[in-house]
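Engineer: Input structure: data.txt, which contains compact mmCIF, C-alpha atoms and all ligand atoms.
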```
# COMPACT_ATOMS: atom_id res chain seq x y z
CA MET A 27 67.20 -132.57 74.51
CA THR A 28 70.45 -133.63 76.14
CA SER A 29 69.76 -136.50 78.50
CA ASP A 30 70.52 -140.04 77.30
CA ARG A 31 67.38 -141.19 79.07
CA LEU A 32 65.26 -139.37 76.50
CA GLN A 33 67.03 -140.88 73.49
CA ARG A 34 64.58 -143.78 73.55
CA PHE A 35 61.91 -141.42 72.21
CA GLY A 36 63.98 -140.74 69.10
CA ASP A 37 62.29 -138.28 66.76
CA ARG A 38 58.83 -138.72 68.26
CA LEU A 39 59.01 -135.34 70.03
CA ALA A 40 58.31 -132.26 67.89
CA LEU A 41 59.47 -130.11 70.80
CA PRO A 42 61.14 -130.72 74.18
CA LEU A 43 57.76 -130.12 75.75
CA ILE A 44 55.25 -131.69 78.15
CA ALA A 45 51.60 -130.59 78.16
CA ALA A 46 51.50 -130.27 81.96
CA PRO A 47 49.10 -132.29 84.10
CA MET A 48 46.20 -130.09 85.21
CA PHE A 49 43.29 -130.86 87.49
CA LEU A 50 39.92 -130.62 85.69
CA VAL A 51 41.72 -129.55 82.49
CA SER A 52 43.71 -132.47 81.06
CA GLY A 53 41.47 -135.16 79.60
CA VAL A 54 41.33 -137.68 76.79
CA GLU A 55 40.98 -135.16 73.93
CA LEU A 56 43.88 -133.01 75.14
CA MET A 57 46.10 -136.07 75.64
CA VAL A 58 45.38 -137.51 72.21
CA ALA A 59 45.90 -134.16 70.50
CA ALA A 60 49.13 -133.38 72.38
CA CYS A 61 50.72 -136.79 71.77
CA ARG A 62 49.69 -136.77 68.09
CA SER A 63 51.31 -133.33 67.75
CA GLY A 64 54.61 -134.61 69.16
CA VAL A 65 54.26 -133.21 72.68
CA ILE A 66 54.35 -135.46 75.77
CA GLY A 67 50.83 -135.47 77.19
CA SER A 68 50.39 -135.60 80.95
CA PHE A 69 47.18 -135.84 82.99
CA PRO A 70 46.55 -136.28 86.74
CA THR A 71 44.99 -139.67 87.45
CA ALA A 72 42.77 -137.68 89.87
CA ASN A 73 40.93 -136.32 86.80
CA CYS A 74 39.31 -139.73 86.51
CA ARG A 75 36.34 -140.30 88.82
CA SER A 76 37.51 -143.80 89.67
CA THR A 77 40.27 -146.31 89.03
CA ASP A 78 37.95 -148.02 86.52
CA GLN A 79 37.62 -144.77 84.64
CA LEU A 80 41.40 -144.39 84.64
CA ASP A 81 41.59 -147.83 83.02
CA GLU A 82 39.05 -146.72 80.39
CA TRP A 83 40.85 -143.43 79.68
CA LEU A 84 44.16 -145.20 79.19
CA THR A 85 42.61 -147.80 76.88
CA THR A 86 40.88 -145.09 74.81
CA ILE A 87 43.99 -142.92 74.52
CA GLU A 88 46.23 -145.88 73.64
CA THR A 89 43.77 -147.10 71.00
CA ARG A 90 43.50 -143.68 69.39
CA LEU A 91 47.26 -143.19 69.37
CA CYS A 92 47.71 -146.63 67.75
CA GLN A 93 45.18 -145.63 65.08
CA HIS A 94 47.17 -142.44 64.52
CA GLU A 95 50.31 -144.49 64.02
CA ALA A 96 48.56 -146.85 61.61
CA GLN A 97 47.21 -143.91 59.58
CA THR A 98 50.34 -141.73 59.50
CA GLY A 99 53.19 -144.18 59.96
CA ARG A 100 54.39 -141.90 62.78
CA LYS A 101 54.48 -142.98 66.42
CA ALA A 102 52.94 -140.38 68.73
CA ALA A 103 54.80 -138.74 71.62
CA PRO A 104 54.61 -140.61 74.95
CA LEU A 105 51.66 -140.43 77.30
CA CYS A 106 52.58 -139.61 80.87
CA PRO A 107 50.09 -140.11 83.71
CA ASN A 108 50.67 -138.00 86.84
CA LEU A 109 50.24 -139.82 90.14
CA ILE A 110 49.82 -138.14 93.53
CA VAL A 111 52.01 -140.28 95.78
CA HIS A 112 51.02 -138.61 99.06
CA ARG A 113 49.35 -140.93 101.58
CA SER A 114 46.20 -138.78 101.40
CA ASN A 115 45.58 -140.28 97.95
CA ALA A 116 43.21 -143.11 98.87
CA ARG A 117 43.42 -144.52 95.33
CA LEU A 118 47.21 -144.63 95.12
CA GLU A 119 47.59 -148.41 95.18
CA GLN A 120 44.72 -149.09 92.78
CA ASP A 121 45.73 -146.35 90.32
CA LEU A 122 49.33 -147.57 90.43
CA ALA A 123 48.19 -151.12 89.64
CA VAL A 124 46.31 -149.86 86.58
CA LEU A 125 49.36 -147.90 85.41
CA LEU A 126 51.58 -150.96 85.81
CA ARG A 127 49.18 -152.92 83.62
CA HIS A 128 49.10 -150.26 80.91
CA ARG A 129 52.85 -149.73 81.03
CA PRO A 130 53.01 -145.98 80.25
CA GLU A 131 56.38 -144.81 78.94
CA ILE A 132 56.70 -142.03 81.54
CA VAL A 133 55.04 -141.35 84.90
CA ILE A 134 55.28 -138.11 86.89
CA THR A 135 54.89 -138.30 90.66
CA SER A 136 53.58 -135.37 92.69
CA VAL A 137 53.22 -134.34 96.33
CA GLY A 138 55.42 -136.66 98.31
CA SER A 139 58.32 -139.05 98.07
CA PRO A 140 58.49 -141.07 94.84
CA ALA A 141 60.58 -143.76 96.60
CA PRO A 142 57.82 -146.42 97.04
CA VAL A 143 56.75 -146.33 93.38
CA VAL A 144 60.11 -146.03 91.57
CA LYS A 145 60.94 -149.75 91.45
CA PRO A 146 57.54 -151.07 90.31
CA LEU A 147 57.33 -148.36 87.64
CA HIS A 148 60.88 -149.08 86.46
CA ASP A 149 60.09 -152.79 86.34
CA ALA A 150 57.11 -151.92 84.11
CA GLY A 151 59.45 -150.00 81.80
CA ALA A 152 58.44 -146.44 82.72
CA LEU A 153 60.73 -143.46 83.15
CA VAL A 154 59.89 -141.84 86.48
CA LEU A 155 59.93 -138.06 86.88
CA ALA A 156 59.23 -136.49 90.29
CA ASP A 157 58.02 -132.94 90.79
CA VAL A 158 59.85 -130.96 93.45
CA ALA A 159 59.84 -127.37 94.69
CA SER A 160 62.97 -127.19 96.84
CA ILE A 161 66.61 -128.20 96.69
CA ARG A 162 66.10 -130.59 99.60
CA HIS A 163 63.24 -132.38 97.85
CA ALA A 164 65.25 -132.50 94.62
CA GLU A 165 68.12 -134.18 96.49
CA ARG A 166 65.77 -136.69 98.10
CA ALA A 167 64.02 -137.56 94.86
CA ALA A 168 67.37 -137.99 93.13
CA GLU A 169 68.43 -140.37 95.92
CA ALA A 170 65.23 -142.36 95.39
CA GLY A 171 66.48 -143.17 91.89
CA VAL A 172 64.08 -141.20 89.69
CA ASP A 173 65.04 -140.58 86.07
CA GLY A 174 64.18 -136.92 86.17
CA LEU A 175 63.04 -133.97 88.23
CA VAL A 176 60.28 -131.51 87.42
CA LEU A 177 61.31 -128.23 89.01
CA LEU A 178 58.23 -126.25 90.09
CA THR A 179 59.25 -122.61 89.98
CA ALA A 180 57.82 -119.20 90.86
CA GLY A 181 54.89 -118.10 88.69
CA ALA A 182 53.78 -121.59 87.68
CA GLY A 183 50.07 -122.24 87.36
CA GLY A 184 48.27 -124.32 89.99
CA GLN A 185 50.08 -125.02 93.25
CA THR A 186 53.22 -123.18 92.36
CA GLY A 187 56.86 -123.27 93.30
CA TRP A 188 58.58 -120.24 94.79
CA LEU A 189 62.21 -120.48 93.69
CA ASN A 190 63.51 -118.42 90.80
CA PRO A 191 63.91 -120.70 87.74
CA PHE A 192 67.43 -119.50 86.89
CA ALA A 193 68.69 -120.15 90.41
CA PHE A 194 66.76 -123.41 90.86
CA VAL A 195 67.85 -125.05 87.61
CA ARG A 196 71.50 -124.12 88.04
CA ALA A 197 71.53 -125.29 91.69
CA VAL A 198 70.04 -128.68 90.75
CA ARG A 199 72.28 -129.09 87.69
CA ALA A 200 75.26 -128.72 90.02
CA PHE A 201 74.51 -132.14 91.57
CA TYR A 202 72.10 -133.87 89.17
CA ASP A 203 72.72 -135.15 85.65
CA GLY A 204 69.32 -136.78 85.03
CA VAL A 205 66.44 -135.26 83.12
CA ILE A 206 65.44 -131.79 84.28
CA VAL A 207 62.02 -130.40 83.38
CA LEU A 208 61.29 -126.73 84.03
CA ALA A 209 57.75 -125.99 85.22
CA GLY A 210 56.47 -122.44 85.27
CA GLY A 211 56.38 -119.43 83.00
CA ILE A 212 56.97 -121.06 79.63
CA SER A 213 54.77 -118.79 77.56
CA ASP A 214 56.17 -119.38 74.06
CA GLY A 215 58.77 -121.21 71.99
CA ARG A 216 61.51 -118.72 72.80
CA ALA A 217 61.01 -119.29 76.54
CA LEU A 218 61.14 -123.03 75.83
CA TYR A 219 64.46 -122.60 74.06
CA ALA A 220 65.71 -120.47 76.98
CA ALA A 221 64.90 -123.35 79.34
CA GLU A 222 67.10 -125.59 77.22
CA VAL A 223 69.95 -123.06 77.26
CA LEU A 224 69.61 -122.95 81.05
CA GLY A 225 70.28 -126.69 81.24
CA CYS A 226 66.82 -128.26 81.07
CA ASP A 227 65.95 -131.23 78.87
CA LEU A 228 62.23 -130.55 78.75
CA ALA A 229 59.74 -127.97 79.97
CA TYR A 230 56.11 -127.96 81.05
CA MET A 231 53.52 -125.76 79.43
CA GLY A 232 50.37 -125.72 81.50
CA THR A 233 48.45 -122.46 81.27
CA LYS A 234 48.86 -122.24 77.47
CA PHE A 235 47.21 -125.66 77.06
CA ILE A 236 44.22 -124.62 79.19
CA ALA A 237 43.26 -122.25 76.37
CA THR A 238 42.99 -124.96 73.74
CA ARG A 239 39.83 -126.29 72.19
CA GLU A 240 40.67 -129.80 73.39
CA SER A 241 41.13 -128.93 77.07
CA MET A 242 38.29 -129.76 79.51
CA ALA A 243 38.44 -126.26 81.05
CA ASP A 244 35.28 -124.16 81.18
CA ASP A 245 35.07 -121.89 78.12
CA ARG A 246 34.89 -118.87 80.44
CA HIS A 247 38.20 -119.92 82.01
CA LYS A 248 39.78 -120.06 78.54
CA ARG A 249 38.41 -116.59 77.64
CA MET A 250 39.58 -115.18 80.97
CA LEU A 251 43.13 -116.31 80.21
CA VAL A 252 42.97 -114.57 76.81
CA ASP A 253 41.72 -111.37 78.47
CA SER A 254 44.17 -111.47 81.42
CA SER A 255 47.86 -110.81 81.92
CA ALA A 256 50.47 -111.85 84.47
CA ASP A 257 49.28 -108.88 86.57
CA ASP A 258 45.96 -110.68 87.08
CA ILE A 259 47.58 -113.66 88.80
CA LEU A 260 47.23 -113.68 92.57
CA LEU A 261 49.57 -115.78 94.69
CA THR A 262 47.47 -116.98 97.59
CA THR A 263 47.15 -119.75 100.16
CA ALA A 264 43.46 -118.97 100.72
CA PHE A 265 41.99 -121.69 98.54
CA THR A 266 44.22 -124.72 98.97
CA GLY A 267 46.38 -123.97 102.00
CA LEU A 268 49.42 -124.00 99.71
CA GLN A 269 50.81 -121.22 97.54
CA THR A 270 48.57 -121.26 94.46
CA SER A 271 48.42 -119.01 91.39
CA MET A 272 44.81 -117.90 90.90
CA LEU A 273 43.09 -115.64 88.41
CA ARG A 274 41.87 -112.49 90.17
CA PRO A 275 38.86 -111.99 87.86
CA SER A 276 37.56 -115.47 88.74
CA ILE A 277 37.77 -114.62 92.45
CA VAL A 278 35.82 -111.42 91.86
CA ALA A 279 33.25 -113.32 89.78
CA ALA A 280 32.78 -115.71 92.73
CA GLY A 281 31.82 -112.70 94.92
CA LEU A 282 35.09 -112.54 96.85
CA ASP A 283 37.63 -109.75 97.25
CA PRO A 284 41.05 -110.89 96.01
CA ASP A 285 42.69 -108.21 98.15
CA ASP A 286 40.94 -109.31 101.32
CA LEU A 287 41.15 -113.09 101.45
CA PRO A 288 41.79 -115.06 104.61
CA ALA A 289 45.08 -116.93 104.78
CA ARG A 290 45.76 -120.65 104.54
CA GLY A 291 42.71 -122.40 103.13
CA ALA A 292 40.42 -120.78 105.69
CA ILE A 293 37.98 -119.53 103.11
CA ASP A 294 34.40 -120.82 102.99
CA ILE A 295 34.38 -122.41 99.62
CA ALA A 296 33.53 -125.95 98.74
CA ARG A 297 36.62 -128.07 99.20
CA ASP A 298 35.32 -131.25 97.63
CA ILE A 299 37.40 -132.06 94.59
CA ASP A 300 35.01 -134.69 93.27
CA VAL A 301 35.16 -134.06 89.54
CA GLY A 302 31.45 -134.62 89.04
CA ALA A 303 30.15 -132.88 92.16
CA ARG A 304 27.85 -129.87 91.90
CA GLU A 305 26.72 -127.50 94.62
CA SER A 306 25.90 -123.84 94.95
CA ARG A 307 28.96 -122.52 96.81
CA PRO A 308 31.84 -121.53 94.53
CA LYS A 309 34.35 -124.32 94.30
CA ARG A 310 38.11 -123.94 93.91
CA TRP A 311 39.36 -125.20 90.53
CA ARG A 312 35.79 -125.55 89.20
CA ASP A 313 34.63 -121.92 89.71
CA ILE A 314 37.75 -120.14 90.95
CA TRP A 315 40.37 -120.67 88.30
CA SER A 316 44.09 -120.92 88.11
CA GLY A 317 46.64 -119.65 85.64
CA GLY A 318 50.35 -118.96 85.82
CA HIS A 319 52.40 -115.90 84.87
CA SER A 320 52.44 -117.37 81.37
CA THR A 321 48.85 -116.10 81.10
CA SER A 322 50.44 -113.11 79.37
CA GLY A 323 51.34 -115.47 76.51
CA VAL A 324 47.74 -116.59 75.95
CA THR A 325 46.33 -114.56 73.06
CA ASP A 326 43.78 -116.93 71.53
CA VAL A 327 41.93 -120.15 72.16
CA LEU A 328 43.64 -122.47 69.67
CA GLY A 329 43.51 -126.07 68.60
CA VAL A 330 46.40 -128.05 70.09
CA ASP A 331 47.85 -128.55 66.59
CA ASP A 332 48.00 -124.80 66.07
CA LEU A 333 49.46 -124.10 69.50
CA VAL A 334 52.20 -126.68 68.93
CA ALA A 335 52.90 -125.41 65.39
CA ARG A 336 53.19 -121.80 66.67
CA THR A 337 55.41 -122.83 69.55
CA ALA A 338 57.61 -124.86 67.20
CA ALA A 339 58.00 -121.87 64.85
CA GLU A 340 58.96 -119.60 67.78
CA TYR A 341 61.38 -122.22 69.09
CA ARG A 342 63.03 -122.70 65.67
CA GLU A 343 63.37 -118.96 65.19
CA ALA A 344 65.00 -118.54 68.61
CA ARG A 345 67.42 -121.39 67.83
CA ALA A 346 68.25 -120.01 64.38
CA HIS A 347 69.29 -116.67 65.86
CA ASP A 348 71.24 -118.23 68.65
CA PRO A 349 72.52 -121.66 67.68
CA PRO A 350 73.71 -123.75 70.62
C1 LIG B 1 44.41 -125.29 86.39
C2 LIG B 1 45.67 -125.99 86.80
C3 LIG B 1 45.59 -127.23 87.41
C4 LIG B 1 46.75 -127.90 87.78
N1 LIG B 1 46.64 -129.15 88.33
C5 LIG B 1 47.77 -129.87 88.58
C6 LIG B 1 47.70 -131.23 89.03
O1 LIG B 1 46.62 -131.79 89.20
N2 LIG B 1 48.86 -131.90 89.26
C7 LIG B 1 50.08 -131.30 89.06
O2 LIG B 1 51.10 -131.97 89.26
N3 LIG B 1 50.18 -130.02 88.65
C8 LIG B 1 49.06 -129.30 88.38
N4 LIG B 1 49.16 -128.03 87.91
C9 LIG B 1 50.50 -127.44 87.67
C10 LIG B 1 50.96 -127.73 86.25
O3 LIG B 1 51.19 -129.12 86.09
C11 LIG B 1 52.28 -126.98 85.91
O4 LIG B 1 53.22 -127.15 86.93
C12 LIG B 1 52.07 -125.48 85.69
O5 LIG B 1 50.89 -125.24 84.97
C13 LIG B 1 53.27 -124.91 84.93
O6 LIG B 1 53.20 -123.53 84.84
P1 LIG B 1 52.55 -122.74 83.58
O7 LIG B 1 51.08 -122.84 83.79
O8 LIG B 1 53.08 -121.38 83.71
O9 LIG B 1 52.98 -123.42 82.32
C14 LIG B 1 48.02 -127.31 87.55
C15 LIG B 1 48.08 -126.06 86.93
C16 LIG B 1 46.93 -125.41 86.56
C17 LIG B 1 47.04 -124.07 85.86
```
So that I can check it, write out the structure of this file as C-alpha cells.

Structural biologist:
Amino acid sequence: MTSDRLQRFGDRLALPLIAAPMFLVSGVELMVAACRSGVIGSFPTANCRSTDQLDEWLTTIETRLCQHEAQTGRKAAPLCPNLIVHRSNARLEQDLAVLLRHRPEIVITSVGSPAPVVKPLHDAGALVLADVASIRHAERAAEAGVDGLVLLTAGAGGQTGWLNPFAFVRAVRAFYDGVIVLAGGISDGRALYAAEVLGCDLAYMGTKFIATRESMADDRHKRMLVDSSADDILLTTAFTGLQTSMLRPSIVAAGLDPDDLPARGAIDIARDIDVGARESRPKRWRDIWSGGHSTSGVTDVLGVDDLVARTAAEYREARAHDPP
C-alpha cells in the first residue's frame, strides 16, 4: 500500500484488497465478514430494493462492525458502498443522501462521471474512487478530483474492461499518483502481490468472493465456479449490451447456445433487474451468471475468513520470495 491517502486506515487492512461490489452477490453478511477479516467490503447500492433498505443495510452493517470492535478491540476494515452515478439511476439523489448521512469511509462510483458527487462525498469525509475502463475516462475522473481510480481490465467478472492490466496500470501511473485499484483476474494472493509490484495500491477480488458461504449468490452459481475454468468464460454483449464475462454452463442451462447468441443485448431474456422479481423467462444475473477469468482460482466454496486467510498466506509467501 503506497498511497498516502490510504494511511488513514493504518493497520486495519489485512491485505491491500477490496471485496468487489457485485450485483445480487454482495449483501450484509458478505460485507460484515469481509470488513471483520480486514478486507474493504464493497456492495452496489442497487442490491438494496429501495433507499430505505439501503439505510437499513448500512445501519445493520455499522452496528455489527461496532460490536466486532467492542469484542475484539480491533477496528474492522472500511465499508465502501458502490454508487451508479449514471443519469439512468433514478435513485441516485436519494441513495447519495443516505450515504452522506452514514458517512462511509470510501465510496466507489460506477458508470459515468463522478464529478457531481465528489464534493459532497469529500465534505462527508469519504475517499472517492471511480471505476474506469479507458485512459480517457481515467484522465477525466482524475480531473474531477477523485482520490483513486479502479481500473477495469480484460477478464474481469461482470461488465468487464478490455485493456490489458499491465499496459493499463502503467499508462495511468504515468500521469496519476492517486490510489490505483486493479480490477480483474486477481485469483490468489500471488496475483494480488503482482498488482502491487505493477504499481497498484489495492486490487479487487470479485469472482473469488462469489464462492463464499456469506455471498448472496445462488448455491448453483458457487458450484459452477468451482467446476469451471477461465475457458468457460464467454465475453459477450448479448445480455447487457456491454462486454460482459458470462459463465457458458449457465447459458446452456438456460436453454441458449453460447456459440450462437445475438449481439448487443438483443436476446429475449428478462431485463428487469428488480432484485425481488420472479418470472419464468431466464433472467440475466439471476439465472445466467457471471464470473471472470479468475474462475480458474476458485477451488472450493469457503467462508470469507478462510478465503482471506488463504489469500494472506499466498500473498506473504510471494512477498517473502521477492521482497520489494
Ligand atoms: C456477478 C458479478 C456482478 C457484478 N456486479 C457489479 C456491480 O453491480 N457494480 C460494479 O461496479 N461491478 C460489478 N461487477 C464487477 C466487479 O465489481 C469487479 O470489477 C470484477 O468482479 C473483478 O474481476 P474478478 O471477478 O476477476 O475479480 C460484478 C462482477 C460480477 C462477477

Engineer: If I take CA of Glu55 in chain A and CA of Met242 in chain A, how far is one from the other in Å, to one decimal?

Structural biologist: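 Separating CA of Glu55 in chain A from CA of Met242 in chain A is a distance of 8.2 Å.
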
Engineer: Which one is closest to Met272 in chain A: A:Ser241, A:Asn115, A:Thr186, A:Thr337? Count all atoms listed in the file.

Structural biologist: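 Smallest distance to Met272 in chain A is found for A:Thr186.
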
Engineer: Which residues come within 12 Å of range 150-155 of chain A, counting only C-alpha atoms, excluding same-chain residues fewer than 2 positions away, as a PyMOL selection string?

Structural biologist: chain A and resi 30-35+44+68+104-109+122-136+139-148+157-158+164+167-168+170-177+204-208+228

Engineer: Using only C-alpha atoms and all ligand atoms, which residues of the polymer chains come no farther than 7 Å from ligand LIG 1 (chain B)? I'd like the answer as a PyMOL selection string.

Structural biologist: chain A and resi 46-51+70+108+136+178+181-186+209-213+230-234+311+315-320

Engineer: Can you tell me how far CA of Ala279 in chain A sits from CA of Ser254 in chain A, in Å to one decimal?

Structural biologist: 13.9 Å
